[in-house]
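This is structure.cif (mmCIF, C-alpha atoms).
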```cif
data_final
#
loop_
_atom_site.group_PDB
_atom_site.id
_atom_site.type_symbol
_atom_site.label_atom_id
_atom_site.label_comp_id
_atom_site.auth_asym_id
_atom_site.auth_seq_id
_atom_site.Cartn_x
_atom_site.Cartn_y
_atom_site.Cartn_z
ATOM 1 C CA MET A 1 91.747 105.903 83.189
ATOM 2 C CA ALA A 2 94.674 107.310 81.198
ATOM 3 C CA GLU A 3 96.737 104.289 82.240
ATOM 4 C CA ARG A 4 94.291 101.694 80.927
ATOM 5 C CA PRO A 5 95.518 99.786 79.145
ATOM 6 C CA HIS A 6 99.119 100.279 80.212
ATOM 7 C CA LEU A 7 100.164 99.885 76.616
ATOM 8 C CA GLY A 8 98.671 101.917 73.811
ATOM 9 C CA ALA A 9 98.632 101.325 70.085
ATOM 10 C CA MET A 10 101.348 99.008 68.829
ATOM 11 C CA GLY A 11 102.356 98.173 72.426
ATOM 12 C CA ALA A 12 103.678 101.655 73.218
ATOM 13 C CA PRO A 13 103.736 102.535 76.935
ATOM 14 C CA VAL A 14 101.314 105.313 77.932
ATOM 15 C CA LEU A 15 102.630 106.650 81.234
ATOM 16 C CA GLN A 16 103.969 109.848 79.624
ATOM 17 C CA ARG A 17 100.347 110.789 78.991
ATOM 18 C CA SER A 18 99.379 110.000 82.591
ATOM 19 C CA LEU A 19 102.275 112.053 83.897
ATOM 20 C CA GLY A 20 101.290 114.940 81.631
ATOM 21 C CA LEU A 21 97.695 114.868 82.868
ATOM 22 C CA LEU A 22 98.848 114.772 86.493
ATOM 23 C CA ARG A 23 101.247 117.690 85.905
ATOM 24 C CA GLN A 24 98.380 119.690 84.384
ATOM 25 C CA ARG A 25 96.209 118.981 87.434
ATOM 26 C CA TRP A 26 99.069 119.976 89.743
ATOM 27 C CA ILE A 27 99.809 123.205 87.894
ATOM 28 C CA ALA A 28 96.075 124.020 87.944
ATOM 29 C CA GLY A 29 96.168 123.802 91.737
ATOM 30 C CA CYS A 30 94.675 120.336 92.273
ATOM 31 C CA ARG A 31 96.586 119.250 95.368
ATOM 32 C CA ASP A 32 94.451 116.308 96.446
ATOM 33 C CA ARG A 33 96.063 113.227 97.963
ATOM 34 C CA GLU A 34 95.621 110.967 94.928
ATOM 35 C CA THR A 35 97.091 113.498 92.504
ATOM 36 C CA ALA A 36 100.088 114.063 94.791
ATOM 37 C CA LEU A 37 100.714 110.334 95.332
ATOM 38 C CA ARG A 38 100.480 109.425 91.671
ATOM 39 C CA LEU A 39 102.534 112.421 90.552
ATOM 40 C CA LEU A 40 105.253 111.597 93.063
ATOM 41 C CA PHE A 41 105.239 107.957 92.003
ATOM 42 C CA LEU A 42 105.299 108.603 88.246
ATOM 43 C CA CYS A 43 108.157 111.100 88.597
ATOM 44 C CA TRP A 44 110.112 108.485 90.546
ATOM 45 C CA TYR A 45 109.074 105.560 88.317
ATOM 46 C CA GLY A 46 109.959 107.513 85.186
ATOM 47 C CA ASN A 47 113.497 107.848 86.539
ATOM 48 C CA ILE A 48 113.970 104.324 87.860
ATOM 49 C CA GLU A 49 112.599 102.483 84.814
ATOM 50 C CA PRO A 50 113.600 102.946 81.169
ATOM 51 C CA PRO A 51 111.424 104.891 78.710
ATOM 52 C CA SER A 52 110.824 101.667 76.767
ATOM 53 C CA LEU A 53 108.838 100.409 79.769
ATOM 54 C CA THR A 54 107.204 103.632 80.961
ATOM 55 C CA GLY A 55 107.025 105.851 77.905
ATOM 56 C CA ILE A 56 108.358 108.675 80.081
ATOM 57 C CA GLU A 57 111.118 110.439 78.181
ATOM 58 C CA GLY A 58 112.258 112.883 80.835
ATOM 59 C CA ILE A 59 110.898 115.014 83.625
ATOM 60 C CA PRO A 60 112.678 118.383 83.633
ATOM 61 C CA ASP A 61 110.906 119.588 86.784
ATOM 62 C CA GLY A 62 110.756 116.159 88.439
ATOM 63 C CA GLN A 63 112.731 117.008 91.569
ATOM 64 C CA GLU A 64 110.600 120.092 92.215
ATOM 65 C CA LEU A 65 107.380 118.149 91.588
ATOM 66 C CA CYS A 66 108.475 115.368 93.954
ATOM 67 C CA GLU A 67 109.321 117.796 96.731
ATOM 68 C CA GLN A 68 106.071 119.733 96.270
ATOM 69 C CA ALA A 69 103.927 116.595 96.122
ATOM 70 C CA TYR A 70 105.505 115.145 99.254
ATOM 71 C CA ALA A 71 105.182 118.455 101.094
ATOM 72 C CA SER A 72 101.482 118.602 100.181
ATOM 73 C CA LEU A 73 101.069 115.144 101.717
ATOM 74 C CA GLY A 74 102.523 116.369 105.004
ATOM 75 C CA GLY A 75 106.212 115.826 104.374
ATOM 76 C CA SER A 76 108.218 114.281 107.207
ATOM 77 C CA ALA A 77 105.365 115.089 109.631
ATOM 78 C CA CYS A 78 102.921 112.926 107.650
ATOM 79 C CA GLN A 79 101.020 110.356 109.720
ATOM 80 C CA ASP A 80 99.335 108.580 106.772
ATOM 81 C CA PRO A 81 100.649 104.969 106.730
ATOM 82 C CA GLU A 82 100.213 104.583 102.955
ATOM 83 C CA VAL A 83 102.073 107.790 102.179
ATOM 84 C CA CYS A 84 104.851 106.889 104.608
ATOM 85 C CA PHE A 85 105.103 103.344 103.230
ATOM 86 C CA VAL A 86 105.334 104.325 99.563
ATOM 87 C CA VAL A 87 107.669 107.277 100.092
ATOM 88 C CA ALA A 88 109.953 105.336 102.442
ATOM 89 C CA LEU A 89 110.081 102.468 99.948
ATOM 90 C CA MET A 90 110.899 104.768 97.019
ATOM 91 C CA ILE A 91 113.690 106.333 99.097
ATOM 92 C CA GLU A 92 115.049 102.929 100.110
ATOM 93 C CA LEU A 93 115.044 101.658 96.527
ATOM 94 C CA CYS A 94 116.314 104.715 94.704
ATOM 95 C CA PRO A 95 116.342 108.126 96.423
ATOM 96 C CA TRP A 96 118.116 109.856 93.525
ATOM 97 C CA CYS A 97 115.100 109.108 91.338
ATOM 98 C CA LEU A 98 113.178 111.625 93.479
ATOM 99 C CA GLY A 99 115.899 114.246 93.182
ATOM 100 C CA ASN A 100 118.750 115.052 95.542
ATOM 101 C CA PRO A 101 119.306 111.890 97.642
ATOM 102 C CA ASP A 102 120.663 113.903 100.577
ATOM 103 C CA HIS A 103 117.389 115.823 100.732
ATOM 104 C CA TRP A 104 115.306 112.646 100.703
ATOM 105 C CA GLU A 105 117.410 110.854 103.296
ATOM 106 C CA THR A 106 116.532 113.620 105.779
ATOM 107 C CA ALA A 107 113.113 114.775 104.513
ATOM 108 C CA GLY A 108 111.513 111.355 104.150
ATOM 109 C CA PRO A 109 109.362 109.468 106.640
ATOM 110 C CA PRO A 110 110.982 108.875 110.034
ATOM 111 C CA GLU A 111 110.783 105.059 109.798
ATOM 112 C CA ALA A 112 111.756 102.463 107.211
ATOM 113 C CA SER A 113 109.010 101.155 104.928
ATOM 114 C CA ASP A 114 108.737 97.918 106.934
ATOM 115 C CA ALA A 115 107.475 99.910 109.931
ATOM 116 C CA TYR A 116 104.440 101.033 107.889
ATOM 117 C CA ARG A 117 103.839 97.759 106.028
ATOM 118 C CA PRO A 118 101.494 96.235 108.680
ATOM 119 C CA HIS A 119 99.300 99.345 108.518
ATOM 120 C CA VAL A 120 98.794 99.276 104.740
ATOM 121 C CA SER A 121 96.330 97.006 102.987
ATOM 122 C CA ALA A 122 96.822 95.664 99.481
ATOM 123 C CA ALA A 123 93.103 96.306 98.946
ATOM 124 C CA SER A 124 93.729 100.042 99.318
ATOM 125 C CA PHE A 125 95.815 99.958 96.130
ATOM 126 C CA ALA A 126 93.122 98.262 94.019
ATOM 127 C CA GLY A 127 91.924 100.185 90.981
ATOM 128 C CA ARG A 128 94.633 102.831 91.250
ATOM 129 C CA GLY A 129 96.499 102.244 88.009
ATOM 130 C CA VAL A 130 100.205 101.554 87.773
ATOM 131 C CA TYR A 131 100.747 103.174 91.189
ATOM 132 C CA GLY A 132 98.379 100.651 92.746
ATOM 133 C CA GLU A 133 99.784 97.693 90.864
ATOM 134 C CA TYR A 134 103.363 98.588 91.731
ATOM 135 C CA PHE A 135 102.750 99.001 95.447
ATOM 136 C CA THR A 136 100.446 95.979 95.653
ATOM 137 C CA TYR A 137 103.328 93.942 94.316
ATOM 138 C CA MET A 138 105.843 95.576 96.645
ATOM 139 C CA LEU A 139 103.545 94.959 99.610
ATOM 140 C CA THR A 140 102.520 91.394 98.829
ATOM 141 C CA GLY A 141 104.748 90.099 96.043
ATOM 142 C CA VAL A 142 101.582 89.474 93.990
ATOM 143 C CA GLY A 143 100.479 91.572 91.001
ATOM 144 C CA GLY A 144 97.315 93.672 91.381
#
```
Target format structure tokens, applied to this file:
Amino acid sequence: MAERPHLGAMGAPVLQRSLGLLRQRWIAGCRDRETALRLLFLCWYGNIEPPSLTGIEGIPDGQELCEQAYASLGGSACQDPEVCFVVALMIELCPWCLGNPDHWETAGPPEASDAYRPHVSAASFAGRGVYGEYFTYMLTGVGG
């Protein structure tokens, strides 16, 4: 809900607020799948896109959060097609936005994102904020 609408008052992006809420959940020990996926994505997205688009001004503990979130999802042993698809795609597009690229090249999913694509449905991303919209587009080429 924190991401709706994506732009706040006067057209300002609101993802800094979403990231802050996710960080609070993470620090409080909420390690559920959705929190981990969205936290991982927003840390990456906040590094790949400019603050004028995201509203994210910097993530001092971003690399640590990315590694922790991915580890909580199963890390390189993960069997979840959605997790493998999104993480592999983020690594393919911009591994340094997750932290140390050397780490991600070896710690990421064992296959390229295309290997997981047939096992992921665009419908599974519906109603999941910017994360869902981004990966719906990357999966289908059509906005969510």
Could you tell me how far atom CA of A:Cys84 lies from atom CA of A:Glu111, in Å and to one decimal?
-> 8.1 Å
Selection result for the PyMOL selection byres ((chain A and resi 21-30) around 10) on this file, as number ranges by chain | A: 2, 15-20, 31-36, 38-40, 42-43, 61-62, 65, 68-69
Include C-alpha atoms and write out the residues we just selected as a PDB file, in the coordinates of the input.
```pdb
ATOM      1  CA  ALA A   2      94.674 107.310  81.198  1.00  0.00           C
ATOM      2  CA  LEU A  15     102.630 106.650  81.234  1.00  0.00           C
ATOM      3  CA  GLN A  16     103.969 109.848  79.624  1.00  0.00           C
ATOM      4  CA  ARG A  17     100.347 110.789  78.991  1.00  0.00           C
ATOM      5  CA  SER A  18      99.379 110.000  82.591  1.00  0.00           C
ATOM      6  CA  LEU A  19     102.275 112.053  83.897  1.00  0.00           C
ATOM      7  CA  GLY A  20     101.290 114.940  81.631  1.00  0.00           C
ATOM      8  CA  ARG A  31      96.586 119.250  95.368  1.00  0.00           C
ATOM      9  CA  ASP A  32      94.451 116.308  96.446  1.00  0.00           C
ATOM     10  CA  ARG A  33      96.063 113.227  97.963  1.00  0.00           C
ATOM     11  CA  GLU A  34      95.621 110.967  94.928  1.00  0.00           C
ATOM     12  CA  THR A  35      97.091 113.498  92.504  1.00  0.00           C
ATOM     13  CA  ALA A  36     100.088 114.063  94.791  1.00  0.00           C
ATOM     14  CA  ARG A  38     100.480 109.425  91.671  1.00  0.00           C
ATOM     15  CA  LEU A  39     102.534 112.421  90.552  1.00  0.00           C
ATOM     16  CA  LEU A  40     105.253 111.597  93.063  1.00  0.00           C
ATOM     17  CA  LEU A  42     105.299 108.603  88.246  1.00  0.00           C
ATOM     18  CA  CYS A  43     108.157 111.100  88.597  1.00  0.00           C
ATOM     19  CA  ASP A  61     110.906 119.588  86.784  1.00  0.00           C
ATOM     20  CA  GLY A  62     110.756 116.159  88.439  1.00  0.00           C
ATOM     21  CA  LEU A  65     107.380 118.149  91.588  1.00  0.00           C
ATOM     22  CA  GLN A  68     106.071 119.733  96.270  1.00  0.00           C
ATOM     23  CA  ALA A  69     103.927 116.595  96.122  1.00  0.00           C
TER      24      ALA A  69
END
```
To verify the selection step, state as a PyMOL selection string which residues the PyMOL selection byres ((chain A and resi 123-140) around 12) yields on this input.
-> chain A and resi 1-7+13-15+18-19+34-46+53-54+81-83+85-90+93+113-114+116-122+141-144
Separation of atom CA of A:Ala115 and atom CA of A:Cys78, in Å?
->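 Taking atom CA of A:Ala115 as the start and atom CA of A:Cys78 as the end point, the length is 14.0 Å.
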Hey, can you check how far atom CA of A:Glu49 sits from atom CA of A:Pro95?
->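 If I compute the distance from atom CA of A:Glu49 to atom CA of A:Pro95, I get 13.4 Å.
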On this structure, the PyMOL selection byres ((chain A and resi 104) around 12) would catch which residues? List them as a tab-separated table (two decimals) with C-alpha atoms, in the frame of the given file, sorted by chain and number.
```tsv
chain	number	residue	atom	x	y	z
A	63	GLN	CA	112.73	117.01	91.57
A	66	CYS	CA	108.48	115.37	93.95
A	67	GLU	CA	109.32	117.80	96.73
A	70	TYR	CA	105.50	115.14	99.25
A	71	ALA	CA	105.18	118.46	101.09
A	75	GLY	CA	106.21	115.83	104.37
A	76	SER	CA	108.22	114.28	107.21
A	87	VAL	CA	107.67	107.28	100.09
A	88	ALA	CA	109.95	105.34	102.44
A	89	LEU	CA	110.08	102.47	99.95
A	90	MET	CA	110.90	104.77	97.02
A	91	ILE	CA	113.69	106.33	99.10
A	92	GLU	CA	115.05	102.93	100.11
A	93	LEU	CA	115.04	101.66	96.53
A	94	CYS	CA	116.31	104.72	94.70
A	95	PRO	CA	116.34	108.13	96.42
A	96	TRP	CA	118.12	109.86	93.52
A	97	CYS	CA	115.10	109.11	91.34
A	98	LEU	CA	113.18	111.62	93.48
A	99	GLY	CA	115.90	114.25	93.18
A	100	ASN	CA	118.75	115.05	95.54
A	101	PRO	CA	119.31	111.89	97.64
A	102	ASP	CA	120.66	113.90	100.58
A	103	HIS	CA	117.39	115.82	100.73
A	105	GLU	CA	117.41	110.85	103.30
A	106	THR	CA	116.53	113.62	105.78
A	107	ALA	CA	113.11	114.78	104.51
A	108	GLY	CA	111.51	111.36	104.15
A	109	PRO	CA	109.36	109.47	106.64
A	110	PRO	CA	110.98	108.88	110.03
```
Because the input lacks atoms here, generate N, CA, C and O atoms for stretch 10-34 of chain A and report them as a JSON list (two decimals), keeping the file's coordinate frame.
```
[["chain", "number", "residue", "atom", "x", "y", "z"],
["A", 10, "MET", "N", 100.08, 99.64, 69.21],
["A", 10, "MET", "CA", 101.35, 99.01, 68.83],
["A", 10, "MET", "C", 102.22, 98.70, 70.05],
["A", 10, "MET", "O", 103.42, 98.61, 69.96],
["A", 11, "GLY", "N", 101.61, 98.55, 71.23],
["A", 11, "GLY", "CA", 102.36, 98.17, 72.43],
["A", 11, "GLY", "C", 103.16, 99.29, 73.07],
["A", 11, "GLY", "O", 104.01, 99.04, 73.92],
["A", 12, "ALA", "N", 102.92, 100.53, 72.66],
["A", 12, "ALA", "CA", 103.68, 101.66, 73.22],
["A", 12, "ALA", "C", 103.21, 101.96, 74.64],
["A", 12, "ALA", "O", 102.00, 102.01, 74.89],
["A", 13, "PRO", "N", 104.13, 102.18, 75.58],
["A", 13, "PRO", "CA", 103.74, 102.54, 76.94],
["A", 13, "PRO", "C", 103.07, 103.91, 76.97],
["A", 13, "PRO", "O", 103.38, 104.78, 76.17],
["A", 14, "VAL", "N", 102.13, 104.10, 77.92],
["A", 14, "VAL", "CA", 101.31, 105.31, 77.93],
["A", 14, "VAL", "C", 101.51, 106.19, 79.17],
["A", 14, "VAL", "O", 100.77, 107.15, 79.37],
["A", 15, "LEU", "N", 102.50, 105.90, 79.99],
["A", 15, "LEU", "CA", 102.63, 106.65, 81.23],
["A", 15, "LEU", "C", 103.06, 108.10, 81.04],
["A", 15, "LEU", "O", 102.83, 108.93, 81.92],
["A", 16, "GLN", "N", 103.65, 108.44, 79.90],
["A", 16, "GLN", "CA", 103.97, 109.85, 79.62],
["A", 16, "GLN", "C", 102.68, 110.67, 79.61],
["A", 16, "GLN", "O", 102.64, 111.77, 80.14],
["A", 17, "ARG", "N", 101.65, 110.11, 79.03],
["A", 17, "ARG", "CA", 100.35, 110.79, 78.99],
["A", 17, "ARG", "C", 99.80, 110.96, 80.40],
["A", 17, "ARG", "O", 99.31, 112.03, 80.77],
["A", 18, "SER", "N", 99.86, 109.92, 81.21],
["A", 18, "SER", "CA", 99.38, 110.00, 82.59],
["A", 18, "SER", "C", 100.15, 111.06, 83.37],
["A", 18, "SER", "O", 99.55, 111.85, 84.10],
["A", 19, "LEU", "N", 101.46, 111.06, 83.21],
["A", 19, "LEU", "CA", 102.28, 112.05, 83.90],
["A", 19, "LEU", "C", 101.90, 113.46, 83.45],
["A", 19, "LEU", "O", 101.78, 114.37, 84.26],
["A", 20, "GLY", "N", 101.68, 113.63, 82.15],
["A", 20, "GLY", "CA", 101.29, 114.94, 81.63],
["A", 20, "GLY", "C", 99.96, 115.42, 82.21],
["A", 20, "GLY", "O", 99.81, 116.58, 82.58],
["A", 21, "LEU", "N", 99.00, 114.51, 82.30],
["A", 21, "LEU", "CA", 97.70, 114.87, 82.87],
["A", 21, "LEU", "C", 97.82, 115.22, 84.35],
["A", 21, "LEU", "O", 97.19, 116.18, 84.83],
["A", 22, "LEU", "N", 98.64, 114.48, 85.07],
["A", 22, "LEU", "CA", 98.85, 114.77, 86.49],
["A", 22, "LEU", "C", 99.56, 116.11, 86.68],
["A", 22, "LEU", "O", 99.20, 116.89, 87.57],
["A", 23, "ARG", "N", 100.55, 116.39, 85.83],
["A", 23, "ARG", "CA", 101.25, 117.69, 85.90],
["A", 23, "ARG", "C", 100.27, 118.83, 85.65],
["A", 23, "ARG", "O", 100.32, 119.86, 86.33],
["A", 24, "GLN", "N", 99.38, 118.66, 84.67],
["A", 24, "GLN", "CA", 98.38, 119.69, 84.38],
["A", 24, "GLN", "C", 97.48, 119.92, 85.59],
["A", 24, "GLN", "O", 97.18, 121.07, 85.94],
["A", 25, "ARG", "N", 97.04, 118.84, 86.22],
["A", 25, "ARG", "CA", 96.21, 118.98, 87.43],
["A", 25, "ARG", "C", 96.98, 119.73, 88.52],
["A", 25, "ARG", "O", 96.44, 120.60, 89.18],
["A", 26, "TRP", "N", 98.24, 119.36, 88.70],
["A", 26, "TRP", "CA", 99.07, 119.98, 89.74],
["A", 26, "TRP", "C", 99.24, 121.47, 89.48],
["A", 26, "TRP", "O", 99.07, 122.29, 90.38],
["A", 27, "ILE", "N", 99.60, 121.80, 88.27],
["A", 27, "ILE", "CA", 99.81, 123.20, 87.89],
["A", 27, "ILE", "C", 98.52, 124.01, 88.05],
["A", 27, "ILE", "O", 98.55, 125.18, 88.43],
["A", 28, "ALA", "N", 97.37, 123.36, 87.81],
["A", 28, "ALA", "CA", 96.08, 124.02, 87.94],
["A", 28, "ALA", "C", 95.65, 124.16, 89.41],
["A", 28, "ALA", "O", 94.61, 124.74, 89.69],
["A", 29, "GLY", "N", 96.46, 123.64, 90.32],
["A", 29, "GLY", "CA", 96.17, 123.80, 91.74],
["A", 29, "GLY", "C", 95.46, 122.63, 92.40],
["A", 29, "GLY", "O", 95.07, 122.72, 93.55],
["A", 30, "CYS", "N", 95.30, 121.53, 91.69],
["A", 30, "CYS", "CA", 94.68, 120.34, 92.27],
["A", 30, "CYS", "C", 95.71, 119.63, 93.15],
["A", 30, "CYS", "O", 96.60, 118.96, 92.63],
["A", 31, "ARG", "N", 95.59, 119.80, 94.44],
["A", 31, "ARG", "CA", 96.59, 119.25, 95.37],
["A", 31, "ARG", "C", 95.99, 118.15, 96.24],
["A", 31, "ARG", "O", 96.35, 118.01, 97.40],
["A", 32, "ASP", "N", 95.06, 117.39, 95.69],
["A", 32, "ASP", "CA", 94.45, 116.31, 96.45],
["A", 32, "ASP", "C", 95.45, 115.17, 96.65],
["A", 32, "ASP", "O", 96.48, 115.09, 95.97],
["A", 33, "ARG", "N", 95.17, 114.33, 97.57],
["A", 33, "ARG", "CA", 96.06, 113.23, 97.96],
["A", 33, "ARG", "C", 96.40, 112.33, 96.79],
["A", 33, "ARG", "O", 97.55, 111.97, 96.57],
["A", 34, "GLU", "N", 95.39, 111.91, 96.03],
["A", 34, "GLU", "CA", 95.62, 110.97, 94.93],
["A", 34, "GLU", "C", 96.50, 111.58, 93.84],
["A", 34, "GLU", "O", 97.41, 110.92, 93.33]]
```
